[in-house]
Structures are given as C-alpha cells and as structure tokens.
$ cat final.pdb   # PDB, C-alpha atoms, pLDDT in the B column
MODEL        1
ATOM      1  CA  MET A   1      87.854  90.675  68.525  1.00 95.00           C
ATOM      2  CA  GLU A   2      87.337  94.277  67.453  1.00 97.00           C
ATOM      3  CA  VAL A   3      89.948  96.996  68.017  1.00 97.00           C
ATOM      4  CA  GLY A   4      89.482 100.765  68.184  1.00 96.00           C
ATOM      5  CA  TYR A   5      91.575 103.766  69.135  1.00 96.00           C
ATOM      6  CA  LEU A   6      90.941 107.158  70.737  1.00 96.00           C
ATOM      7  CA  GLN A   7      93.318 110.100  71.088  1.00 95.00           C
ATOM      8  CA  THR A   8      93.278 111.304  74.707  1.00 95.00           C
ATOM      9  CA  PRO A   9      95.180 114.145  76.380  1.00 95.00           C
ATOM     10  CA  ILE A  10      97.718 111.613  77.691  1.00 94.00           C
ATOM     11  CA  GLY A  11      98.127 109.256  74.752  1.00 94.00           C
ATOM     12  CA  ILE A  12      96.238 107.003  72.396  1.00 95.00           C
ATOM     13  CA  SER A  13      93.876 104.542  74.059  1.00 96.00           C
ATOM     14  CA  GLU A  14      93.446 101.151  72.464  1.00 97.00           C
ATOM     15  CA  PHE A  15      90.195  99.267  73.075  1.00 98.00           C
ATOM     16  CA  LYS A  16      89.583  95.572  72.397  1.00 98.00           C
ATOM     17  CA  GLY A  17      86.297  93.808  72.787  1.00 97.00           C
ATOM     18  CA  ASP A  18      83.402  91.963  71.249  1.00 97.00           C
ATOM     19  CA  GLU A  19      79.726  91.315  71.901  1.00 96.00           C
ATOM     20  CA  ASN A  20      80.663  89.758  75.263  1.00 97.00           C
ATOM     21  CA  GLY A  21      82.185  93.002  76.553  1.00 97.00           C
ATOM     22  CA  LEU A  22      85.317  95.065  76.728  1.00 98.00           C
ATOM     23  CA  VAL A  23      88.396  92.871  77.109  1.00 98.00           C
ATOM     24  CA  SER A  24      91.021  95.591  77.376  1.00 97.00           C
ATOM     25  CA  ALA A  25      91.601  99.320  77.327  1.00 97.00           C
ATOM     26  CA  ARG A  26      95.178 100.492  77.478  1.00 95.00           C
ATOM     27  CA  VAL A  27      97.291 103.498  76.686  1.00 94.00           C
ATOM     28  CA  LEU A  28      99.875 103.227  73.958  1.00 93.00           C
ATOM     29  CA  ASP A  29     103.258 104.900  73.852  1.00 87.00           C
ATOM     30  CA  GLU A  30     103.348 104.769  70.060  1.00 87.00           C
ATOM     31  CA  ASN A  31     101.185 106.472  67.472  1.00 87.00           C
ATOM     32  CA  VAL A  32      98.707 104.439  65.470  1.00 88.00           C
ATOM     33  CA  PRO A  33      96.116 105.503  62.928  1.00 87.00           C
ATOM     34  CA  ILE A  34      92.861 106.209  64.777  1.00 88.00           C
ATOM     35  CA  GLY A  35      90.391 105.088  62.091  1.00 88.00           C
ATOM     36  CA  ILE A  36      86.733 104.216  62.496  1.00 93.00           C
ATOM     37  CA  ILE A  37      85.511 102.893  65.847  1.00 96.00           C
ATOM     38  CA  PRO A  38      83.815  99.482  65.550  1.00 97.00           C
ATOM     39  CA  GLU A  39      80.191  99.602  66.702  1.00 97.00           C
ATOM     40  CA  VAL A  40      80.832  97.193  69.596  1.00 97.00           C
ATOM     41  CA  LEU A  41      83.384  99.675  71.032  1.00 98.00           C
ATOM     42  CA  GLU A  42      81.505 102.939  70.431  1.00 97.00           C
ATOM     43  CA  ASP A  43      80.080 103.157  73.956  1.00 97.00           C
ATOM     44  CA  ALA A  44      83.497 102.614  75.566  1.00 97.00           C
ATOM     45  CA  VAL A  45      85.032 105.359  73.418  1.00 97.00           C
ATOM     46  CA  TYR A  46      82.107 107.691  74.144  1.00 97.00           C
ATOM     47  CA  GLN A  47      82.414 107.141  77.914  1.00 97.00           C
ATOM     48  CA  PHE A  48      86.193 107.689  77.780  1.00 96.00           C
ATOM     49  CA  ARG A  49      85.664 111.003  75.993  1.00 96.00           C
ATOM     50  CA  GLU A  50      83.220 112.037  78.724  1.00 97.00           C
ATOM     51  CA  TYR A  51      85.723 111.035  81.408  1.00 97.00           C
ATOM     52  CA  PHE A  52      88.491 113.153  79.881  1.00 96.00           C
ATOM     53  CA  GLU A  53      86.065 116.075  79.484  1.00 93.00           C
ATOM     54  CA  GLY A  54      85.283 115.868  83.218  1.00 92.00           C
ATOM     55  CA  LYS A  55      81.686 114.774  82.553  1.00 94.00           C
ATOM     56  CA  ARG A  56      81.937 111.151  83.751  1.00 95.00           C
ATOM     57  CA  GLN A  57      83.094 109.763  87.079  1.00 95.00           C
ATOM     58  CA  LYS A  58      81.988 106.127  86.733  1.00 94.00           C
ATOM     59  CA  PHE A  59      81.885 103.832  83.737  1.00 97.00           C
ATOM     60  CA  ASP A  60      78.856 101.775  82.765  1.00 96.00           C
ATOM     61  CA  LEU A  61      80.227  99.122  80.418  1.00 97.00           C
ATOM     62  CA  THR A  62      80.062  95.360  80.078  1.00 97.00           C
ATOM     63  CA  LEU A  63      83.553  94.201  81.004  1.00 97.00           C
ATOM     64  CA  ASN A  64      85.105  90.890  80.029  1.00 97.00           C
ATOM     65  CA  PRO A  65      88.782  91.052  81.055  1.00 97.00           C
ATOM     66  CA  GLU A  66      90.981  87.977  81.013  1.00 96.00           C
ATOM     67  CA  GLY A  67      92.640  87.155  84.319  1.00 96.00           C
ATOM     68  CA  THR A  68      92.845  84.757  87.227  1.00 97.00           C
ATOM     69  CA  PRO A  69      90.053  84.620  89.814  1.00 96.00           C
ATOM     70  CA  PHE A  70      92.358  86.453  92.261  1.00 96.00           C
ATOM     71  CA  GLN A  71      93.128  89.200  89.735  1.00 97.00           C
ATOM     72  CA  LYS A  72      89.437  89.623  88.959  1.00 97.00           C
ATOM     73  CA  LYS A  73      88.666  89.929  92.676  1.00 96.00           C
ATOM     74  CA  VAL A  74      91.296  92.676  93.043  1.00 96.00           C
ATOM     75  CA  TRP A  75      89.987  94.441  89.926  1.00 97.00           C
ATOM     76  CA  GLY A  76      86.484  94.308  91.394  1.00 96.00           C
ATOM     77  CA  LEU A  77      87.733  96.017  94.558  1.00 96.00           C
ATOM     78  CA  LEU A  78      89.474  98.673  92.467  1.00 96.00           C
ATOM     79  CA  GLN A  79      86.132  99.568  90.918  1.00 96.00           C
ATOM     80  CA  GLU A  80      84.821 100.410  94.388  1.00 95.00           C
ATOM     81  CA  ILE A  81      87.361 103.220  94.887  1.00 96.00           C
ATOM     82  CA  PRO A  82      85.392 106.445  94.389  1.00 95.00           C
ATOM     83  CA  TYR A  83      86.353 109.043  91.829  1.00 95.00           C
ATOM     84  CA  GLY A  84      88.704 111.603  93.341  1.00 93.00           C
ATOM     85  CA  LYS A  85      89.808 109.277  96.162  1.00 94.00           C
ATOM     86  CA  THR A  86      92.932 107.181  96.641  1.00 94.00           C
ATOM     87  CA  ILE A  87      93.811 104.214  98.830  1.00 94.00           C
ATOM     88  CA  SER A  88      97.063 102.437  99.582  1.00 93.00           C
ATOM     89  CA  TYR A  89      98.083  98.986  98.428  1.00 92.00           C
ATOM     90  CA  LEU A  90      97.943  97.957 102.105  1.00 93.00           C
ATOM     91  CA  GLU A  91      94.362  99.210 102.423  1.00 94.00           C
ATOM     92  CA  LEU A  92      93.431  97.338  99.253  1.00 94.00           C
ATOM     93  CA  SER A  93      94.977  94.171 100.724  1.00 95.00           C
ATOM     94  CA  LYS A  94      92.968  94.665 103.919  1.00 95.00           C
ATOM     95  CA  ARG A  95      89.769  95.060 101.903  1.00 94.00           C
ATOM     96  CA  LEU A  96      90.632  91.782 100.232  1.00 93.00           C
ATOM     97  CA  GLY A  97      90.836  90.237 103.682  1.00 93.00           C
ATOM     98  CA  ASP A  98      94.565  89.593 103.850  1.00 91.00           C
ATOM     99  CA  PRO A  99      96.940  92.461 104.716  1.00 90.00           C
ATOM    100  CA  LYS A 100      99.898  90.153 104.024  1.00 93.00           C
ATOM    101  CA  ALA A 101      98.823  89.779 100.373  1.00 92.00           C
ATOM    102  CA  ILE A 102     100.096  93.256  99.547  1.00 92.00           C
ATOM    103  CA  ARG A 103     102.596  92.058  96.911  1.00 92.00           C
ATOM    104  CA  ALA A 104     100.045  89.816  95.208  1.00 95.00           C
ATOM    105  CA  VAL A 105      97.538  92.683  95.242  1.00 94.00           C
ATOM    106  CA  ALA A 106     100.123  95.045  93.757  1.00 91.00           C
ATOM    107  CA  ALA A 107     100.955  92.480  91.064  1.00 94.00           C
ATOM    108  CA  ALA A 108      97.253  92.033  90.196  1.00 95.00           C
ATOM    109  CA  ASN A 109      96.890  95.804  90.123  1.00 93.00           C
ATOM    110  CA  GLY A 110      99.758  95.964  87.628  1.00 92.00           C
ATOM    111  CA  LYS A 111      98.065  93.396  85.368  1.00 95.00           C
ATOM    112  CA  ASN A 112      94.837  95.398  85.162  1.00 96.00           C
ATOM    113  CA  PRO A 113      93.830  95.314  81.464  1.00 97.00           C
ATOM    114  CA  LEU A 114      91.204  98.073  81.754  1.00 97.00           C
ATOM    115  CA  TRP A 115      93.034 101.315  82.555  1.00 92.00           C
ATOM    116  CA  ILE A 116      90.892 104.092  83.999  1.00 96.00           C
ATOM    117  CA  ILE A 117      87.714 101.950  83.856  1.00 96.00           C
ATOM    118  CA  VAL A 118      89.179  99.763  86.593  1.00 96.00           C
ATOM    119  CA  PRO A 119      90.904 102.649  88.384  1.00 96.00           C
ATOM    120  CA  CYS A 120      94.250 101.207  89.435  1.00 94.00           C
ATOM    121  CA  HIS A 121      95.648 104.752  89.194  1.00 95.00           C
ATOM    122  CA  ARG A 122      93.827 105.483  92.484  1.00 95.00           C
ATOM    123  CA  VAL A 123      96.113 103.133  94.429  1.00 94.00           C
ATOM    124  CA  ILE A 124      99.177 104.762  95.965  1.00 92.00           C
ATOM    125  CA  GLY A 125     101.920 103.872  98.425  1.00 87.00           C
ATOM    126  CA  SER A 126     101.164 103.889 102.164  1.00 85.00           C
ATOM    127  CA  ASN A 127     103.351 106.989 102.510  1.00 85.00           C
ATOM    128  CA  GLY A 128     101.345 108.834  99.846  1.00 84.00           C
ATOM    129  CA  ASP A 129     103.914 108.354  97.079  1.00 85.00           C
ATOM    130  CA  LEU A 130     102.843 107.577  93.550  1.00 85.00           C
ATOM    131  CA  THR A 131     104.156 104.099  92.961  1.00 83.00           C
ATOM    132  CA  GLY A 132     104.014 101.731  90.035  1.00 78.00           C
ATOM    133  CA  TYR A 133     101.739 102.371  87.093  1.00 82.00           C
ATOM    134  CA  ALA A 134     101.839 100.447  83.833  1.00 79.00           C
ATOM    135  CA  GLY A 135     100.957 103.596  81.883  1.00 84.00           C
ATOM    136  CA  GLY A 136     103.782 105.561  83.492  1.00 86.00           C
ATOM    137  CA  LEU A 137     103.815 107.671  86.637  1.00 91.00           C
ATOM    138  CA  HIS A 138     103.336 110.864  84.618  1.00 92.00           C
ATOM    139  CA  ARG A 139      99.957 109.543  83.450  1.00 94.00           C
ATOM    140  CA  LYS A 140      98.997 108.408  86.950  1.00 93.00           C
ATOM    141  CA  LYS A 141      99.753 111.888  88.265  1.00 94.00           C
ATOM    142  CA  TRP A 142      97.760 113.472  85.433  1.00 95.00           C
ATOM    143  CA  LEU A 143      94.718 111.234  86.097  1.00 95.00           C
ATOM    144  CA  LEU A 144      94.787 111.909  89.846  1.00 95.00           C
ATOM    145  CA  GLU A 145      94.992 115.640  89.174  1.00 94.00           C
ATOM    146  CA  LEU A 146      92.026 115.391  86.772  1.00 95.00           C
ATOM    147  CA  GLU A 147      90.020 113.677  89.506  1.00 95.00           C
ATOM    148  CA  SER A 148      91.220 115.911  92.333  1.00 89.00           C
ATOM    149  CA  PRO A 149      88.353 117.596  94.205  1.00 73.00           C
ATOM    150  CA  ALA A 150      90.495 120.751  94.334  1.00 55.00           C
ATOM    151  CA  LYS A 151      90.352 120.920  90.539  1.00 51.00           C
ATOM    152  CA  GLN A 152      86.560 120.606  90.466  1.00 48.00           C
ATOM    153  CA  MET A 153      85.230 124.091  90.955  1.00 47.00           C
ATOM    154  CA  ALA A 154      81.701 124.832  92.116  1.00 43.00           C
ATOM    155  CA  LEU A 155      79.594 127.043  89.888  1.00 42.00           C
ATOM    156  CA  PHE A 156      78.266 129.120  92.791  1.00 38.00           C
TER     157      PHE A 156
ENDMDL
END
$ encode --input "final.pdb" --output "structure tokens"
Amino acid sequence: MEVGYLQTPIGISEFKGDENGLVSARVLDENVPIGIIPEVLEDAVYQFREYFEGKRQKFDLTLNPEGTPFQKKVWGLLQEIPYGKTISYLELSKRLGDPKAIRAVAAANGKNPLWIIVPCHRVIGSNGDLTGYAGGLHRKKWLLELESPAKQMALF
C-alpha cells in the first residue's frame, strides 16, 4: 500500500492506494512531511489539486475502498450527488429505497473513506443544517462554499 500527502487549503490530505485503486483519501488534523507522491497516487493528487483550484467537478479515479456491501451502496449513491448540490440524509435514505434507514445511511456516510471524491460533504440535515462531518463542520462548510453556484462567476 502506497501513501502520499497533499497540502490543501483546508488541511493535509492523505492518500492510500495501490495498483487496484485508491483505498482512502482523508484529511489530517496534524502536520506530516509531504514528500514525493508515489506514482500510483499521482493521478489522485493531480485531480485533487484541480478540484481545489475550481477546475474539476467530478473525479475519474479507480476506487477500491474497504467497507460493507451496504456502505458501498451508500457511497455509490453519494457519487451521484452533483457538484454544487446538496441532499438530506432522509433523501439519501429514500434513494436507497428505505426512508427508515436514515441512521444506517448516516453511519455509512460517516465511514466514507474517500473524502471529497465520494462527496459526503453534500449531505445535510433535512432542515438545511450542516450536520456531522468526519473532517469537521468547518471543512464541510468550506467545501460547500467552494462548490456553491453563487461563487462560480460567469465570464460574460
């Protein structure tokens, strides 16, 4: 398993993966030496840079996260949430086919090992509140503001 790091505007991202795909991408609260990016992780780091520069709205990476079949199903649904849009945990549960599974969906959301790539930051409370985010609510708010259509200005 290869490991690489990238400094982002909201913390250091740690990437883990191998020839079978990206296993995890997470934000760290501590500083680590950045170092050289292993070749197998170069594309992930490149796409993250583009995302933070406002040049990328969707990731095109081979993903290989570890999780239960249920978690992987939830993470797949998260990837369908468009850039700049949010949905509620209830809506995500409905898309899964079981509105009563809201707590299980929220728990799977919280176990997402691929921050930003699998955009769990786009899931909010039914009342519009920012709720739960493993990277911290300040980062969730920052990411939603980055993706906000109001922040994306037209050239003409």
$ residues_around --input "final.pdb" --residues "Glu66 (chain A)" --least-positions-apart "5" --cutoff "12 Å" --atoms "all atoms listed in the file" --output "ChimeraX atom specification"
/A:16-17,20-25,71-72,75,108,111-114
$ resolve_selection --input "final.pdb" --expression "the PyMOL selection byres ((chain A and resi 48-54) around 12)" --output "PDB file with C-alpha atoms, keeping the file's coordinate frame"
ATOM      1  CA  TYR A   5      91.575 103.766  69.135  1.00 96.00           C
ATOM      2  CA  LEU A   6      90.941 107.158  70.737  1.00 96.00           C
ATOM      3  CA  GLN A   7      93.318 110.100  71.088  1.00 95.00           C
ATOM      4  CA  THR A   8      93.278 111.304  74.707  1.00 95.00           C
ATOM      5  CA  PRO A   9      95.180 114.145  76.380  1.00 95.00           C
ATOM      6  CA  ILE A  10      97.718 111.613  77.691  1.00 94.00           C
ATOM      7  CA  GLY A  11      98.127 109.256  74.752  1.00 94.00           C
ATOM      8  CA  ILE A  12      96.238 107.003  72.396  1.00 95.00           C
ATOM      9  CA  SER A  13      93.876 104.542  74.059  1.00 96.00           C
ATOM     10  CA  GLU A  14      93.446 101.151  72.464  1.00 97.00           C
ATOM     11  CA  PHE A  15      90.195  99.267  73.075  1.00 98.00           C
ATOM     12  CA  ALA A  25      91.601  99.320  77.327  1.00 97.00           C
ATOM     13  CA  ARG A  26      95.178 100.492  77.478  1.00 95.00           C
ATOM     14  CA  VAL A  27      97.291 103.498  76.686  1.00 94.00           C
ATOM     15  CA  LEU A  41      83.384  99.675  71.032  1.00 98.00           C
ATOM     16  CA  GLU A  42      81.505 102.939  70.431  1.00 97.00           C
ATOM     17  CA  ASP A  43      80.080 103.157  73.956  1.00 97.00           C
ATOM     18  CA  ALA A  44      83.497 102.614  75.566  1.00 97.00           C
ATOM     19  CA  VAL A  45      85.032 105.359  73.418  1.00 97.00           C
ATOM     20  CA  TYR A  46      82.107 107.691  74.144  1.00 97.00           C
ATOM     21  CA  GLN A  47      82.414 107.141  77.914  1.00 97.00           C
ATOM     22  CA  LYS A  55      81.686 114.774  82.553  1.00 94.00           C
ATOM     23  CA  ARG A  56      81.937 111.151  83.751  1.00 95.00           C
ATOM     24  CA  GLN A  57      83.094 109.763  87.079  1.00 95.00           C
ATOM     25  CA  LYS A  58      81.988 106.127  86.733  1.00 94.00           C
ATOM     26  CA  PHE A  59      81.885 103.832  83.737  1.00 97.00           C
ATOM     27  CA  ASP A  60      78.856 101.775  82.765  1.00 96.00           C
ATOM     28  CA  LEU A  61      80.227  99.122  80.418  1.00 97.00           C
ATOM     29  CA  TYR A  83      86.353 109.043  91.829  1.00 95.00           C
ATOM     30  CA  GLY A  84      88.704 111.603  93.341  1.00 93.00           C
ATOM     31  CA  LEU A 114      91.204  98.073  81.754  1.00 97.00           C
ATOM     32  CA  TRP A 115      93.034 101.315  82.555  1.00 92.00           C
ATOM     33  CA  ILE A 116      90.892 104.092  83.999  1.00 96.00           C
ATOM     34  CA  ILE A 117      87.714 101.950  83.856  1.00 96.00           C
ATOM     35  CA  TRP A 142      97.760 113.472  85.433  1.00 95.00           C
ATOM     36  CA  LEU A 143      94.718 111.234  86.097  1.00 95.00           C
ATOM     37  CA  LEU A 144      94.787 111.909  89.846  1.00 95.00           C
ATOM     38  CA  GLU A 145      94.992 115.640  89.174  1.00 94.00           C
ATOM     39  CA  LEU A 146      92.026 115.391  86.772  1.00 95.00           C
ATOM     40  CA  GLU A 147      90.020 113.677  89.506  1.00 95.00           C
ATOM     41  CA  SER A 148      91.220 115.911  92.333  1.00 89.00           C
ATOM     42  CA  PRO A 149      88.353 117.596  94.205  1.00 73.00           C
ATOM     43  CA  LYS A 151      90.352 120.920  90.539  1.00 51.00           C
ATOM     44  CA  GLN A 152      86.560 120.606  90.466  1.00 48.00           C
ATOM     45  CA  MET A 153      85.230 124.091  90.955  1.00 47.00           C
TER      46      MET A 153
END
$ atom_distance --input "final.pdb" --atom1 "CA of Lys140 (chain A)" --atom2 "CA of Arg122 (chain A)"
8.1 Å
$ resolve_selection --input "final.pdb" --expression "the PyMOL selection byres ((chain A and resi 107) around 12)" --output "MDAnalysis selection string"
chainID A and resid 67:68 70:71 74:75 89 93 101:106 108:112 120 132:134
$ atom_distance --input "final.pdb" --atom1 "CA of Thr86 (chain A)" --atom2 "CA of Gly128 (chain A)"
9.2 Å
$ residues_around --input "final.pdb" --residues "Asp18 (chain A)" --least-positions-apart "6" --cutoff "7 Å" --atoms "all atoms listed in the file" --output "list in words"
Met1, Glu2 and Val40 of chain A
$ atom_distance --input "final.pdb" --atom1 "CA of Leu90 (chain A)" --atom2 "CA of Leu77 (chain A)"
12.8 Å
$ closest_residue --input "final.pdb" --among "A:Leu78, A:Ile37, A:Leu92, A:Leu63" --to "His121 (chain A)" --atoms "only C-alpha atoms"
A:Leu78
$ closest_residue --input "final.pdb" --among "A:Pro33, A:Pro119, A:Pro38, A:Pro99" --to "Glu80 (chain A)" --atoms "all atoms listed in the file"
A:Pro119
$ decode --input "final.pdb" --residues "region 86-118 of chain A" --atoms "N, CA and C atoms" --output "CSV table (one decimal), in the first residue's frame"
chain,number,residue,atom,x,y,z
A,86,THR,N,-26.8,19.8,-2.8
A,86,THR,CA,-26.9,19.1,-1.5
A,86,THR,C,-28.2,18.3,-1.5
A,87,ILE,N,-28.2,17.2,-0.7
A,87,ILE,CA,-29.4,16.5,-0.4
A,87,ILE,C,-29.4,16.2,1.1
A,88,SER,N,-30.5,15.8,1.6
A,88,SER,CA,-30.6,15.5,3.1
A,88,SER,C,-30.4,14.0,3.3
A,89,TYR,N,-30.1,13.6,4.5
A,89,TYR,CA,-29.9,12.2,4.9
A,89,TYR,C,-31.2,11.5,4.6
A,90,LEU,N,-32.3,12.1,4.8
A,90,LEU,CA,-33.6,11.4,4.5
A,90,LEU,C,-33.8,11.2,3.0
A,91,GLU,N,-33.4,12.1,2.2
A,91,GLU,CA,-33.5,12.0,0.7
A,91,GLU,C,-32.5,10.8,0.3
A,92,LEU,N,-31.4,10.8,0.9
A,92,LEU,CA,-30.4,9.7,0.6
A,92,LEU,C,-31.0,8.4,0.9
A,93,SER,N,-31.7,8.3,2.1
A,93,SER,CA,-32.3,7.0,2.5
A,93,SER,C,-33.4,6.6,1.5
A,94,LYS,N,-34.2,7.6,1.1
A,94,LYS,CA,-35.2,7.3,0.1
A,94,LYS,C,-34.6,6.8,-1.2
A,95,ARG,N,-33.5,7.4,-1.6
A,95,ARG,CA,-32.9,6.9,-2.9
A,95,ARG,C,-32.4,5.5,-2.7
A,96,LEU,N,-32.0,5.2,-1.5
A,96,LEU,CA,-31.6,3.8,-1.2
A,96,LEU,C,-32.8,2.8,-1.2
A,97,GLY,N,-34.0,3.4,-1.1
A,97,GLY,CA,-35.2,2.6,-1.1
A,97,GLY,C,-35.8,2.3,0.3
A,98,ASP,N,-35.3,2.9,1.3
A,98,ASP,CA,-35.8,2.7,2.6
A,98,ASP,C,-35.6,4.0,3.5
A,99,PRO,N,-36.7,4.8,3.5
A,99,PRO,CA,-36.6,6.0,4.3
A,99,PRO,C,-36.4,5.8,5.8
A,100,LYS,N,-36.7,4.6,6.3
A,100,LYS,CA,-36.4,4.3,7.7
A,100,LYS,C,-35.0,4.0,8.0
A,101,ALA,N,-34.1,3.9,7.0
A,101,ALA,CA,-32.7,3.5,7.2
A,101,ALA,C,-31.9,4.7,7.4
A,102,ILE,N,-32.5,5.9,7.7
A,102,ILE,CA,-31.7,7.1,7.8
A,102,ILE,C,-30.5,7.0,8.7
A,103,ARG,N,-30.6,6.4,9.9
A,103,ARG,CA,-29.5,6.3,10.8
A,103,ARG,C,-28.4,5.4,10.2
A,104,ALA,N,-28.7,4.3,9.6
A,104,ALA,CA,-27.7,3.5,8.9
A,104,ALA,C,-27.1,4.2,7.8
A,105,VAL,N,-27.8,5.0,7.0
A,105,VAL,CA,-27.3,5.7,5.9
A,105,VAL,C,-26.3,6.8,6.5
A,106,ALA,N,-26.7,7.5,7.6
A,106,ALA,CA,-25.8,8.5,8.2
A,106,ALA,C,-24.6,7.8,8.7
A,107,ALA,N,-24.7,6.7,9.3
A,107,ALA,CA,-23.5,6.0,9.8
A,107,ALA,C,-22.5,5.6,8.6
A,108,ALA,N,-23.1,5.1,7.5
A,108,ALA,CA,-22.3,4.7,6.4
A,108,ALA,C,-21.6,5.9,5.8
A,109,ASN,N,-22.4,7.0,5.8
A,109,ASN,CA,-21.8,8.3,5.3
A,109,ASN,C,-20.6,8.7,6.1
A,110,GLY,N,-20.7,8.5,7.4
A,110,GLY,CA,-19.6,8.9,8.3
A,110,GLY,C,-18.4,8.0,8.2
A,111,LYS,N,-18.6,6.8,7.6
A,111,LYS,CA,-17.5,5.9,7.5
A,111,LYS,C,-16.8,6.0,6.1
A,112,ASN,N,-17.3,7.0,5.3
A,112,ASN,CA,-16.8,7.2,3.9
A,112,ASN,C,-15.2,7.4,4.0
A,113,PRO,N,-14.5,6.5,3.4
A,113,PRO,CA,-13.0,6.6,3.4
A,113,PRO,C,-12.4,7.5,2.3
A,114,LEU,N,-13.3,8.1,1.4
A,114,LEU,CA,-12.8,8.8,0.3
A,114,LEU,C,-13.4,10.2,0.3
A,115,TRP,N,-12.9,11.0,1.2
A,115,TRP,CA,-13.5,12.4,1.3
A,115,TRP,C,-13.3,13.2,0.0
A,116,ILE,N,-14.3,13.9,-0.3
A,116,ILE,CA,-14.4,14.8,-1.5
A,116,ILE,C,-14.7,13.9,-2.7
A,117,ILE,N,-14.0,12.9,-2.9
A,117,ILE,CA,-14.2,12.0,-4.1
A,117,ILE,C,-15.5,11.4,-4.0
A,118,VAL,N,-15.9,10.8,-2.9
A,118,VAL,CA,-17.2,10.4,-2.6
A,118,VAL,C,-17.8,11.5,-1.7
